[in-house]
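**Student:** File name protein-v2.txt; file contents compact mmCIF, C-alpha atoms; full text below.
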```txt
# COMPACT_ATOMS: atom_id res chain seq x y z
CA MET A 150 5.83 20.73 -30.70
CA ASP A 151 7.45 24.17 -30.83
CA GLU A 152 4.07 25.72 -30.05
CA LEU A 153 3.66 23.41 -27.06
CA HIS A 154 7.05 24.36 -25.61
CA ALA A 155 6.29 28.03 -26.23
CA LEU A 156 3.00 27.66 -24.35
CA ILE A 157 4.79 26.06 -21.40
CA ASP A 158 7.34 28.89 -21.41
CA ARG A 159 4.50 31.42 -21.20
CA LEU A 160 2.76 29.55 -18.40
CA GLU A 161 3.02 31.55 -15.18
CA VAL A 162 1.96 29.87 -11.96
CA GLY A 163 3.35 29.89 -8.46
CA GLU A 164 4.04 32.93 -6.28
CA GLY A 165 1.24 35.43 -6.05
CA GLU A 166 -1.56 32.94 -6.67
CA PRO A 167 -4.52 33.19 -4.27
CA THR A 168 -4.54 30.24 -1.88
CA PRO A 169 -7.81 28.68 -3.15
CA ARG A 170 -6.32 28.50 -6.67
CA PHE A 171 -3.41 26.22 -5.79
CA ALA A 172 -5.47 23.02 -5.67
CA GLU A 173 -7.23 23.87 -8.94
CA LEU A 174 -3.98 24.70 -10.74
CA VAL A 175 -2.20 21.56 -9.53
CA ALA A 176 -5.14 19.40 -10.67
CA ASP A 177 -5.26 21.11 -14.07
CA LEU A 178 -1.52 20.75 -14.62
CA ASP A 179 -1.62 17.12 -13.54
CA ARG A 180 -4.38 16.42 -16.04
CA ALA A 181 -2.38 18.13 -18.79
CA ILE A 182 0.68 16.03 -17.89
CA ARG A 183 -1.39 12.84 -18.09
CA ARG A 184 -2.70 13.83 -21.52
CA LEU A 185 0.87 14.40 -22.70
CA GLU A 186 1.86 11.01 -21.30
CA ALA A 187 -1.04 9.45 -23.23
CA ALA A 188 0.18 11.13 -26.41
CA LYS A 189 3.67 9.81 -25.75
CA LEU A 190 2.33 6.26 -25.33
CA ARG A 191 0.45 6.53 -28.64
CA LEU A 192 3.68 7.66 -30.30
CA VAL A 193 5.63 4.78 -28.72
CA ALA A 194 3.03 2.30 -30.00
CA ALA A 195 3.32 3.77 -33.50
CA ALA A 196 7.12 3.58 -33.31
CA ASP A 197 6.86 -0.07 -32.29
CA ARG A 198 4.59 -0.83 -35.26
CA ALA A 199 7.03 0.99 -37.57
CA ARG A 200 9.95 -1.07 -36.15
CA VAL A 201 12.07 2.00 -35.49
CA ALA A 202 14.30 -0.04 -33.18
CA GLU A 203 15.22 -2.39 -35.98
CA ALA A 204 16.02 0.53 -38.29
CA SER A 205 18.18 2.06 -35.54
CA GLY A 206 20.09 -1.14 -34.85
CA MET A 207 18.54 -1.53 -31.40
CA PRO A 208 17.40 -4.94 -30.10
CA ASP A 209 13.85 -3.81 -29.25
CA THR A 210 11.59 -0.79 -28.84
CA GLY A 211 12.24 -0.67 -25.10
CA SER A 212 15.97 -0.20 -25.66
CA TRP A 213 15.26 2.42 -28.33
CA LEU A 214 12.93 4.33 -25.97
CA ALA A 215 15.43 4.16 -23.11
CA ARG A 216 18.06 5.77 -25.34
CA GLN A 217 15.71 8.54 -26.52
CA THR A 218 14.40 9.42 -23.06
CA ARG A 219 17.43 8.45 -20.93
CA ALA A 220 15.08 6.36 -18.82
CA ALA A 221 16.00 3.11 -17.09
CA SER A 222 15.60 0.12 -19.40
CA ALA A 223 13.04 -1.55 -17.13
CA GLU A 224 10.92 1.60 -17.03
CA ALA A 225 11.13 2.00 -20.81
CA SER A 226 10.13 -1.62 -21.36
CA ARG A 227 7.09 -1.17 -19.11
CA SER A 228 6.08 1.88 -21.13
CA VAL A 229 6.32 -0.08 -24.38
CA ARG A 230 4.22 -2.94 -23.01
CA LEU A 231 1.55 -0.50 -21.82
CA ALA A 232 1.60 1.43 -25.10
CA THR A 233 1.16 -1.67 -27.24
CA ALA A 234 -1.57 -3.08 -24.96
CA LEU A 235 -3.54 0.17 -25.13
CA ALA A 236 -3.16 0.27 -28.91
CA GLU A 237 -4.48 -3.25 -29.48
CA ARG A 238 -8.14 -2.15 -29.50
CA GLU A 239 -10.47 0.67 -28.59
CA ARG A 240 -10.91 0.49 -24.85
CA PRO A 241 -12.29 2.69 -22.04
CA THR A 242 -8.84 2.99 -20.47
CA THR A 243 -7.37 4.49 -23.65
CA ALA A 244 -10.04 7.19 -23.77
CA ALA A 245 -9.74 7.95 -20.04
CA LEU A 246 -5.96 8.27 -20.30
CA ALA A 247 -6.24 10.52 -23.35
CA ALA A 248 -8.67 12.73 -21.40
CA GLY A 249 -6.24 12.92 -18.49
CA VAL A 250 -8.65 11.48 -15.92
CA VAL A 251 -6.41 8.49 -15.13
CA SER A 252 -2.63 8.14 -15.05
CA PRO A 253 -0.39 5.68 -16.89
CA GLN A 254 0.08 3.90 -13.55
CA HIS A 255 -3.69 3.45 -13.24
CA ALA A 256 -3.86 2.32 -16.87
CA ALA A 257 -1.18 -0.32 -16.27
CA VAL A 258 -3.16 -1.74 -13.34
CA ILE A 259 -6.35 -1.90 -15.43
CA VAL A 260 -4.58 -3.52 -18.38
CA ARG A 261 -3.07 -6.19 -16.13
CA ALA A 262 -6.41 -6.82 -14.44
CA THR A 263 -8.38 -7.22 -17.67
CA SER A 264 -5.72 -9.42 -19.24
CA SER A 265 -5.97 -11.74 -16.21
CA LEU A 266 -9.73 -12.26 -16.47
CA PRO A 267 -11.01 -15.77 -17.33
CA ASP A 268 -10.64 -16.64 -21.02
CA ASP A 269 -14.31 -17.61 -21.37
CA LEU A 270 -15.61 -14.10 -20.57
CA ASP A 271 -17.23 -12.43 -23.57
CA ALA A 272 -16.01 -9.06 -24.85
CA SER A 273 -18.94 -7.12 -23.43
CA ALA A 274 -18.28 -8.44 -19.91
CA VAL A 275 -14.61 -7.50 -20.17
CA GLU A 276 -15.55 -4.01 -21.34
CA THR A 277 -17.99 -3.64 -18.44
CA ILE A 278 -15.29 -4.61 -15.94
CA GLU A 279 -12.79 -2.26 -17.53
CA GLY A 280 -15.28 0.61 -17.46
CA ARG A 281 -15.95 0.06 -13.75
CA LEU A 282 -12.22 -0.01 -13.00
CA VAL A 283 -11.75 3.26 -14.91
CA GLU A 284 -14.45 4.86 -12.77
CA LYS A 285 -12.78 3.60 -9.58
CA ALA A 286 -9.40 4.85 -10.81
CA LYS A 287 -10.76 8.40 -10.63
CA HIS A 288 -10.95 8.08 -6.84
CA LEU A 289 -8.21 5.58 -5.92
CA ASP A 290 -4.44 5.65 -6.16
CA PRO A 291 -2.79 2.87 -8.25
CA ARG A 292 -2.01 0.66 -5.25
CA GLN A 293 -5.57 0.87 -3.96
CA LEU A 294 -6.86 0.18 -7.46
CA HIS A 295 -4.63 -2.88 -7.71
CA ARG A 296 -6.22 -4.32 -4.57
CA VAL A 297 -9.73 -3.63 -5.82
CA ALA A 298 -8.92 -5.02 -9.27
CA ARG A 299 -8.23 -8.47 -7.85
CA ARG A 300 -11.98 -8.85 -7.35
CA ALA A 301 -13.00 -7.08 -10.56
CA LEU A 302 -14.72 -10.25 -11.75
CA ALA A 303 -17.45 -9.54 -9.17
CA GLU A 304 -18.76 -6.81 -11.47
CA VAL A 305 -20.19 -9.46 -13.82
CA GLU A 306 -20.12 -12.67 -11.71
CA SER A 307 -22.70 -13.15 -8.94
CA ASP A 308 -21.24 -16.42 -7.59
CA ARG A 309 -18.91 -15.38 -4.77
CA ALA A 310 -17.12 -18.73 -4.84
CA VAL A 311 -16.11 -18.13 -8.46
CA VAL A 312 -14.83 -14.65 -7.61
CA ASP A 313 -12.93 -16.01 -4.59
CA ALA A 314 -11.31 -18.72 -6.72
CA HIS A 315 -10.26 -16.20 -9.36
CA GLU A 316 -8.81 -13.84 -6.73
CA ASP A 317 -6.95 -16.72 -5.08
CA ALA A 318 -5.46 -17.74 -8.43
CA LEU A 319 -4.31 -14.16 -9.08
CA VAL A 320 -2.66 -13.84 -5.68
CA ARG A 321 -0.99 -17.26 -5.97
CA ASP A 322 0.39 -16.19 -9.34
CA GLU A 323 1.66 -12.94 -7.81
CA GLU A 324 3.32 -14.93 -5.02
CA ARG A 325 5.06 -17.25 -7.50
CA ARG A 326 6.34 -14.32 -9.55
CA ALA A 327 7.42 -12.45 -6.41
CA LEU A 328 9.39 -15.45 -5.16
CA ALA A 329 11.06 -15.79 -8.56
CA ARG A 330 12.17 -12.14 -8.32
CA ALA A 331 13.64 -12.46 -4.80
CA ARG A 332 17.16 -11.02 -4.77
CA LEU A 333 19.78 -9.85 -2.27
CA THR A 334 22.92 -7.92 -3.17
CA LEU A 335 25.57 -6.68 -0.73
CA HIS A 336 28.41 -4.27 -1.55
CA ASP A 337 31.41 -3.53 0.67
CA ASN A 338 32.00 0.24 0.53
CA ASP A 339 35.56 -0.08 1.91
CA ASP A 340 34.78 2.54 4.54
CA GLY A 341 33.44 0.35 7.32
CA THR A 342 29.93 0.10 5.86
CA ILE A 343 28.10 -2.33 3.61
CA THR A 344 25.30 -1.24 1.28
CA GLY A 345 22.60 -3.70 0.32
CA HIS A 346 19.51 -3.99 -1.81
CA PHE A 347 16.86 -6.67 -1.64
CA THR A 348 13.63 -7.67 -3.31
CA VAL A 349 11.36 -10.09 -1.43
CA PRO A 350 7.69 -11.14 -1.56
CA ALA A 351 5.26 -8.76 0.14
CA VAL A 352 4.55 -11.03 3.11
CA ALA A 353 8.25 -11.43 3.92
CA GLY A 354 8.63 -7.67 3.59
CA ALA A 355 5.65 -7.13 5.88
CA ILE A 356 7.24 -9.30 8.56
CA LEU A 357 10.54 -7.38 8.31
CA THR A 358 8.68 -4.06 8.35
CA ARG A 359 6.77 -5.12 11.47
CA VAL A 360 9.99 -6.08 13.25
CA ILE A 361 11.64 -2.74 12.41
CA GLN A 362 8.52 -0.79 13.37
CA SER A 363 8.22 -2.62 16.68
CA MET A 364 11.83 -1.64 17.45
CA THR A 365 11.46 2.03 16.49
CA ALA A 366 7.82 2.85 17.34
CA PRO A 367 7.92 2.92 21.18
CA ARG A 368 8.33 6.38 22.68
CA ARG A 369 11.59 7.23 24.37
CA ALA A 370 9.84 8.85 27.31
CA ARG A 371 6.48 9.94 28.67
CA LEU A 372 4.62 12.86 27.18
CA GLY A 373 6.05 16.10 28.46
CA ALA A 374 9.43 14.59 29.40
CA THR A 375 12.48 16.83 29.43
CA GLU A 376 14.82 17.07 26.45
CA ALA A 377 17.43 15.15 28.40
CA GLN A 378 15.00 12.27 28.82
CA ALA A 379 13.32 12.26 25.39
CA GLY A 380 15.95 13.82 23.10
CA THR A 381 15.49 16.76 20.75
CA PRO A 382 12.90 16.68 17.97
CA ALA A 383 15.67 17.04 15.38
CA GLY A 384 17.47 14.01 16.80
CA ARG A 385 14.33 11.91 16.53
CA GLY A 386 13.32 13.15 13.09
CA ASP A 387 15.56 11.03 10.83
CA VAL A 388 13.28 8.04 10.42
CA THR A 389 15.60 6.24 8.00
CA HIS A 390 18.51 6.53 10.44
CA GLN A 391 16.40 5.13 13.28
CA ALA A 392 15.31 2.26 11.03
CA GLY A 393 18.94 1.66 10.09
CA LEU A 394 19.96 1.44 13.73
CA ALA A 395 17.12 -0.97 14.39
CA PHE A 396 18.23 -3.11 11.44
CA VAL A 397 21.78 -3.21 12.84
CA GLU A 398 20.42 -4.32 16.22
CA LEU A 399 18.29 -6.96 14.53
CA MET A 400 21.25 -8.36 12.58
CA GLU A 401 23.39 -8.47 15.71
CA HIS A 402 20.78 -10.44 17.64
CA LEU A 403 19.61 -12.98 15.06
CA PRO A 404 19.28 -16.44 16.67
CA THR A 405 21.49 -18.17 14.11
CA ASP A 406 21.68 -21.28 16.27
CA ARG A 407 17.90 -21.82 16.07
CA LEU A 408 16.55 -20.10 12.98
CA HIS A 409 13.48 -22.35 12.91
CA THR A 410 11.77 -20.60 15.84
CA LYS A 411 8.83 -18.22 15.67
CA THR A 412 9.56 -14.60 14.77
CA ALA A 413 9.25 -11.91 17.43
CA ALA A 414 6.78 -9.75 15.52
CA THR A 415 3.15 -10.69 14.96
CA VAL A 416 1.34 -10.15 11.67
CA VAL A 417 -2.44 -10.44 11.98
CA ILE A 418 -4.24 -12.31 9.20
CA THR A 419 -7.99 -11.90 8.70
CA LEU A 420 -9.76 -14.79 6.97
CA ASP A 421 -13.46 -15.52 6.58
CA HIS A 422 -14.47 -18.78 8.22
CA ASP A 423 -16.02 -20.18 5.03
CA LYS A 424 -12.78 -19.52 3.16
CA LEU A 425 -10.82 -21.31 5.86
CA THR A 426 -12.99 -24.41 5.67
CA ALA A 427 -12.97 -24.36 1.87
CA ALA A 428 -9.21 -23.74 1.76
CA LEU A 429 -9.90 -21.23 -1.00
CA GLY A 430 -9.62 -17.47 -1.37
CA VAL A 431 -7.26 -14.90 0.06
CA ALA A 432 -6.55 -13.58 3.54
CA GLY A 433 -5.88 -9.96 4.44
CA LEU A 434 -2.84 -8.91 6.45
CA ASP A 435 -3.08 -6.00 8.87
CA THR A 436 -0.32 -4.36 6.80
CA GLY A 437 -2.75 -3.95 3.89
CA ASP A 438 -1.32 -6.82 1.81
CA VAL A 439 -3.01 -10.12 0.97
CA VAL A 440 -1.84 -13.73 0.96
CA SER A 441 -3.33 -16.79 -0.72
CA ALA A 442 -4.89 -19.52 1.40
CA GLY A 443 -2.08 -21.91 0.39
CA ASP A 444 0.72 -19.56 1.36
CA LEU A 445 -1.10 -18.80 4.63
CA ARG A 446 -1.00 -22.49 5.59
CA ARG A 447 2.73 -22.59 4.81
CA LEU A 448 3.53 -19.45 6.78
CA ALA A 449 1.41 -20.43 9.76
CA CYS A 450 3.72 -23.39 10.42
CA GLY A 451 6.44 -21.16 11.84
CA ALA A 452 6.11 -17.43 11.25
CA GLY A 453 4.63 -14.89 13.64
CA LEU A 454 1.15 -14.95 12.16
CA VAL A 455 -2.04 -14.82 14.22
CA PRO A 456 -5.19 -15.95 12.36
CA ALA A 457 -8.25 -13.86 13.17
CA VAL A 458 -11.00 -16.01 11.66
CA LEU A 459 -14.20 -14.03 11.20
CA GLY A 460 -17.25 -15.98 12.27
CA GLY A 461 -15.37 -18.45 14.45
CA SER A 462 -15.02 -18.70 18.22
CA SER A 463 -12.97 -16.02 19.94
CA LEU A 464 -11.07 -15.41 23.13
CA PRO A 465 -12.64 -13.34 25.93
CA MET A 466 -11.88 -9.73 25.09
CA ASP A 467 -13.47 -7.66 27.85
CA LEU A 468 -11.33 -6.93 30.90
CA GLY A 469 -13.31 -4.05 32.44
CA ARG A 470 -11.41 -2.39 35.28
CA THR A 471 -9.27 -5.46 35.99
CA SER A 472 -6.53 -4.35 33.61
CA ARG A 473 -5.05 -0.91 32.95
CA LEU A 474 -3.72 -1.80 29.47
CA PHE A 475 -5.26 -3.54 26.51
CA THR A 476 -3.92 -7.03 25.81
CA GLU A 477 -2.25 -8.44 22.71
CA HIS A 478 -5.35 -10.56 22.05
CA GLN A 479 -7.49 -7.42 22.06
CA ARG A 480 -5.06 -5.77 19.67
CA VAL A 481 -5.33 -8.74 17.32
CA ALA A 482 -9.13 -8.58 17.46
CA LEU A 483 -9.14 -4.83 16.80
CA ALA A 484 -7.01 -5.37 13.69
CA THR A 485 -10.02 -7.09 12.10
CA ARG A 486 -12.00 -3.83 12.42
CA HIS A 487 -9.36 -1.23 11.58
CA SER A 488 -6.64 -1.12 8.95
CA THR A 489 -5.44 2.40 9.79
CA CYS A 490 -5.40 5.00 12.54
CA ALA A 491 -8.96 5.86 13.62
CA ALA A 492 -8.45 9.61 13.04
CA ASP A 493 -10.47 11.00 10.14
CA GLY A 494 -8.34 10.90 6.97
CA CYS A 495 -5.24 9.39 8.59
CA GLU A 496 -3.63 6.61 6.54
CA ARG A 497 -1.04 5.49 9.09
CA PRO A 498 -1.33 1.67 9.17
CA PHE A 499 -2.82 -0.12 12.17
CA ALA A 500 0.61 -1.64 12.84
CA TRP A 501 1.90 1.82 13.79
CA CYS A 502 -0.94 2.60 16.17
CA GLU A 503 -1.29 2.63 19.95
CA LEU A 504 -4.58 1.70 21.64
CA HIS A 505 -6.37 4.60 23.32
CA HIS A 506 -9.22 4.33 25.86
CA ARG A 507 -12.26 6.03 24.33
CA ASP A 508 -13.41 6.71 27.89
CA PRO A 509 -10.20 7.63 29.78
CA TRP A 510 -9.10 5.08 32.35
CA SER A 511 -8.40 7.91 34.77
CA ARG A 512 -12.11 8.81 34.68
CA GLY A 513 -13.47 5.29 35.12
CA GLY A 514 -13.01 3.97 31.59
CA ARG A 515 -12.75 0.23 31.00
CA SER A 516 -10.20 -1.83 29.07
CA ASP A 517 -12.92 -3.42 26.95
CA LEU A 518 -12.55 -4.04 23.24
CA ALA A 519 -15.43 -1.68 22.43
CA ASP A 520 -13.54 1.16 24.13
CA ALA A 521 -10.24 0.58 22.28
CA VAL A 522 -9.37 3.18 19.63
CA PRO A 523 -6.22 2.73 17.45
CA LEU A 524 -4.35 6.02 17.05
CA CYS A 525 -0.98 6.77 15.46
CA GLY A 526 1.60 8.55 17.61
CA PHE A 527 0.70 12.01 16.28
CA HIS A 528 -3.04 11.66 16.87
CA HIS A 529 -2.56 9.89 20.20
CA ARG A 530 -0.58 12.88 21.40
CA ARG A 531 -3.18 15.23 19.96
CA ILE A 532 -6.09 13.48 21.70
CA HIS A 533 -4.34 14.10 25.02
CA ASP A 534 -3.42 17.69 24.13
CA PRO A 535 -5.63 20.09 26.16
CA GLY A 536 -5.26 22.64 23.38
CA TYR A 537 -7.52 20.54 21.15
CA ARG A 538 -11.06 19.17 21.32
CA HIS A 539 -11.89 15.86 19.69
CA ARG A 540 -15.08 14.13 18.58
CA PHE A 541 -15.83 10.54 17.62
CA GLY A 542 -17.83 10.49 14.40
CA PRO A 543 -18.75 8.01 11.66
CA ALA A 544 -15.70 9.06 9.59
CA GLY A 545 -13.32 8.76 12.55
CA VAL A 546 -11.91 11.02 15.23
CA THR A 547 -11.85 14.71 14.34
CA PHE A 548 -9.87 17.42 16.14
CA HIS A 549 -10.44 21.15 16.63
CA ARG A 550 -8.31 23.75 18.36
CA GLN A 551 -9.73 25.04 21.64
CA THR A 552 -11.03 28.59 21.33
```
What would the structure in this file look like if it were written as structure tokens?

**Tutor:**
Amino acid sequence: MDELHALIDRLEVGEGEPTPRFAELVADLDRAIRRLEAAKLRLVAAADRARVAEASGMPDTGSWLARQTRAASAEASRSVRLATALAERERPTTAALAAGVVSPQHAAVIVRATSSLPDDLDASAVETIEGRLVEKAKHLDPRQLHRVARRALAEVESDRAVVDAHEDALVRDEERRALARARLTLHDNDDGTITGHFTVPAVAGAILTRVIQSMTAPRRARLGATEAQAGTPAGRGDVTHQAGLAFVELMEHLPTDRLHTKTAATVVITLDHDKLTAALGVAGLDTGDVVSAGDLRRLACGAGLVPAVLGGSSLPMDLGRTSRLFTEHQRVALATRHSTCAADGCERPFAWCELHHRDPWSRGGRSDLADAVPLCGFHHRRIHDPGYRHRFGPAGVTFHRQT
């Protein structure tokens, strides 16, 4: 260990590096950190087998690890669970983590996914699924991998109905556990403010997020407005403060006399028609989350949810020149095609986007669904900026500075 610390002390990176080297150095250091984290997990697993906690008078290995690393107890317990799961048998995830090609966060997703597979799967099928997830982990972040892992059974199961049923069971289990973890704490700070913390299921959080976004997303003024009209960039830059003000306004206007009514914000749910008729499978929210078919039926009774059933009948969506603006129905329909801003590489969610006319209305463009392009505020401003050229390509809208 002394040699390792000495090597780190001698490591010189940072100022003076040529620009192309930064990406390479960051990737190399990140891989080294992951390999060290893998070594730490192997050590934790060995400590658990040796019952070091018992010898130290600690109740469990998680508590012992929290004391040694000064980590939060919940974080330490998660590390112990991952370490012991990886040490149970030789597995592709263990080797990938040791090589530094996946992170402990990726490994935790893969371990959870493989442990949730049907009990009747043979060991070779489980190993095949795990190997495919490891390969996907090299290109996806842990949250994206978690979404993909829900349908990991499809790697070895050709019957889509079986895969749908398994995914639905996983999501329903997540929903039950999420509801069991729902909490709200409020603390009076004795200075005129109250601080709170809450944990709620993802769908409830998506509804709250949509309400706050709908209150903070609209522009204060037209493009090019004066500072007096639009405010200074610095004044508009504190996103958390703006969200806090919106939350205050929301609390002050809650309809406490009729709480049963529909919410003001709309969350679009995409569901295949065959899943709807079979009452099986999961539906996708336009926030990127998913909901089980059962929870969808419950929520649809009163919440602001609009079902966009793929393969079913639809409302007329083409308005031509009869309307200057796209309608809410068109926006709902477009949410089934896009989950993010249409700009190449932009990950701003569809919920944050404004609808842009691909062919400008001012030059004869039509308010038809085919001409609607979702763009976040930044890229919507950029597409109207005469200092930039834009092009619609298969990967999305790309921008280039005018020469």

**Student:** May I ask for the distance between atom CA of A:Val439 and atom CA of A:His315, given in Å to one decimal place?

**Tutor:**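 Calculated distance between atom CA of A:Val439 and atom CA of A:His315 is 14.0 Å.
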
**Student:** Would you compute the distance between atom CA of A:Val546 and atom CA of A:Asp493? Give it in Å to one decimal.

**Tutor:**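 For atom CA of A:Val546 relative to atom CA of A:Asp493, the distance reads 5.3 Å.
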
**Student:** Could you state the separation of atom CA of A:Gly249 and atom CA of A:Asp177 in Å, given to one decimal place?

**Tutor:** 9.4 Å

**Student:** Would you mind listing what lies within 6 Å of stretch 346-351 of chain A as a list of chain:residue names, with all atoms listed in the file counted and same-chain residues fewer than 4 positions away left out?

**Tutor:**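 Close residues of stretch 346-351 of chain A: A:Ala327, A:Leu328, A:Ala331, A:Arg332, A:Leu333, A:Thr334, A:Ala355.
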
**Student:** Take the residues from that selection and put them in a file with C-alpha atoms, as a PDB file, keeping the file's coordinate frame.

**Tutor:**
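Resulting contents of out16.pdb:
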```pdb
ATOM      1  CA  ALA A 327       7.420 -12.450  -6.410  1.00  0.00           C
ATOM      2  CA  LEU A 328       9.390 -15.450  -5.160  1.00  0.00           C
ATOM      3  CA  ALA A 331      13.640 -12.460  -4.800  1.00  0.00           C
ATOM      4  CA  ARG A 332      17.160 -11.020  -4.770  1.00  0.00           C
ATOM      5  CA  LEU A 333      19.780  -9.850  -2.270  1.00  0.00           C
ATOM      6  CA  THR A 334      22.920  -7.920  -3.170  1.00  0.00           C
ATOM      7  CA  ALA A 355       5.650  -7.130   5.880  1.00  0.00           C
TER       8      ALA A 355
END
```

**Student:** Which one is closest to A:Leu231: A:Thr218, A:Ser252, A:Thr277, A:Gln479? Count all atoms listed in the file.

**Tutor:** A:Ser252

**Student:** Can you work out which one of A:Ser363, A:Ser226, A:Ser441, A:Thr485 has the shortest atom-to-atom distance to A:Pro208, counting all atoms listed in the file?

**Tutor:**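 Among the listed residues, the smallest separation from A:Pro208 belongs to A:Ser226.
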
**Student:** Which of these, A:Thr233, A:Ser205, A:Gln293, A:Ser265, has the shortest distance to A:Ala318 once you count only C-alpha atoms?

**Tutor:**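 Using only C-alpha atoms, A:Ala318 sits closest to A:Ser265.
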
**Student:** Taking all atoms of stretch 490-493 of chain A that the file lists, what box with edges along x, y and z, padded by 8 Å per side, do you get, with centre and edge lengths in Å to one decimal, as AutoDock Vina command-line options?

**Tutor:**
```
--center_x -7.9 --center_y 8.0 --center_z 11.9 --size_x 21.1 --size_y 22.0 --size_z 19.5
```

**Student:** What residues have an atom no more than 9 Å from (-1.0, 1.9, 14.6) in the file's own frame, counting all atoms listed in the file, and can you write them as a PDB file with C-alpha atoms, keeping the file's coordinate frame?

**Tutor:**
```pdb
ATOM      1  CA  SER A 488      -6.640  -1.120   8.950  1.00  0.00           C
ATOM      2  CA  THR A 489      -5.440   2.400   9.790  1.00  0.00           C
ATOM      3  CA  CYS A 490      -5.400   5.000  12.540  1.00  0.00           C
ATOM      4  CA  ALA A 491      -8.960   5.860  13.620  1.00  0.00           C
ATOM      5  CA  ARG A 497      -1.040   5.490   9.090  1.00  0.00           C
ATOM      6  CA  PRO A 498      -1.330   1.670   9.170  1.00  0.00           C
ATOM      7  CA  PHE A 499      -2.820  -0.120  12.170  1.00  0.00           C
ATOM      8  CA  ALA A 500       0.610  -1.640  12.840  1.00  0.00           C
ATOM      9  CA  TRP A 501       1.900   1.820  13.790  1.00  0.00           C
ATOM     10  CA  CYS A 502      -0.940   2.600  16.170  1.00  0.00           C
ATOM     11  CA  GLU A 503      -1.290   2.630  19.950  1.00  0.00           C
ATOM     12  CA  LEU A 504      -4.580   1.700  21.640  1.00  0.00           C
ATOM     13  CA  PRO A 523      -6.220   2.730  17.450  1.00  0.00           C
ATOM     14  CA  LEU A 524      -4.350   6.020  17.050  1.00  0.00           C
ATOM     15  CA  CYS A 525      -0.980   6.770  15.460  1.00  0.00           C
ATOM     16  CA  GLY A 526       1.600   8.550  17.610  1.00  0.00           C
TER      17      GLY A 526
END
```
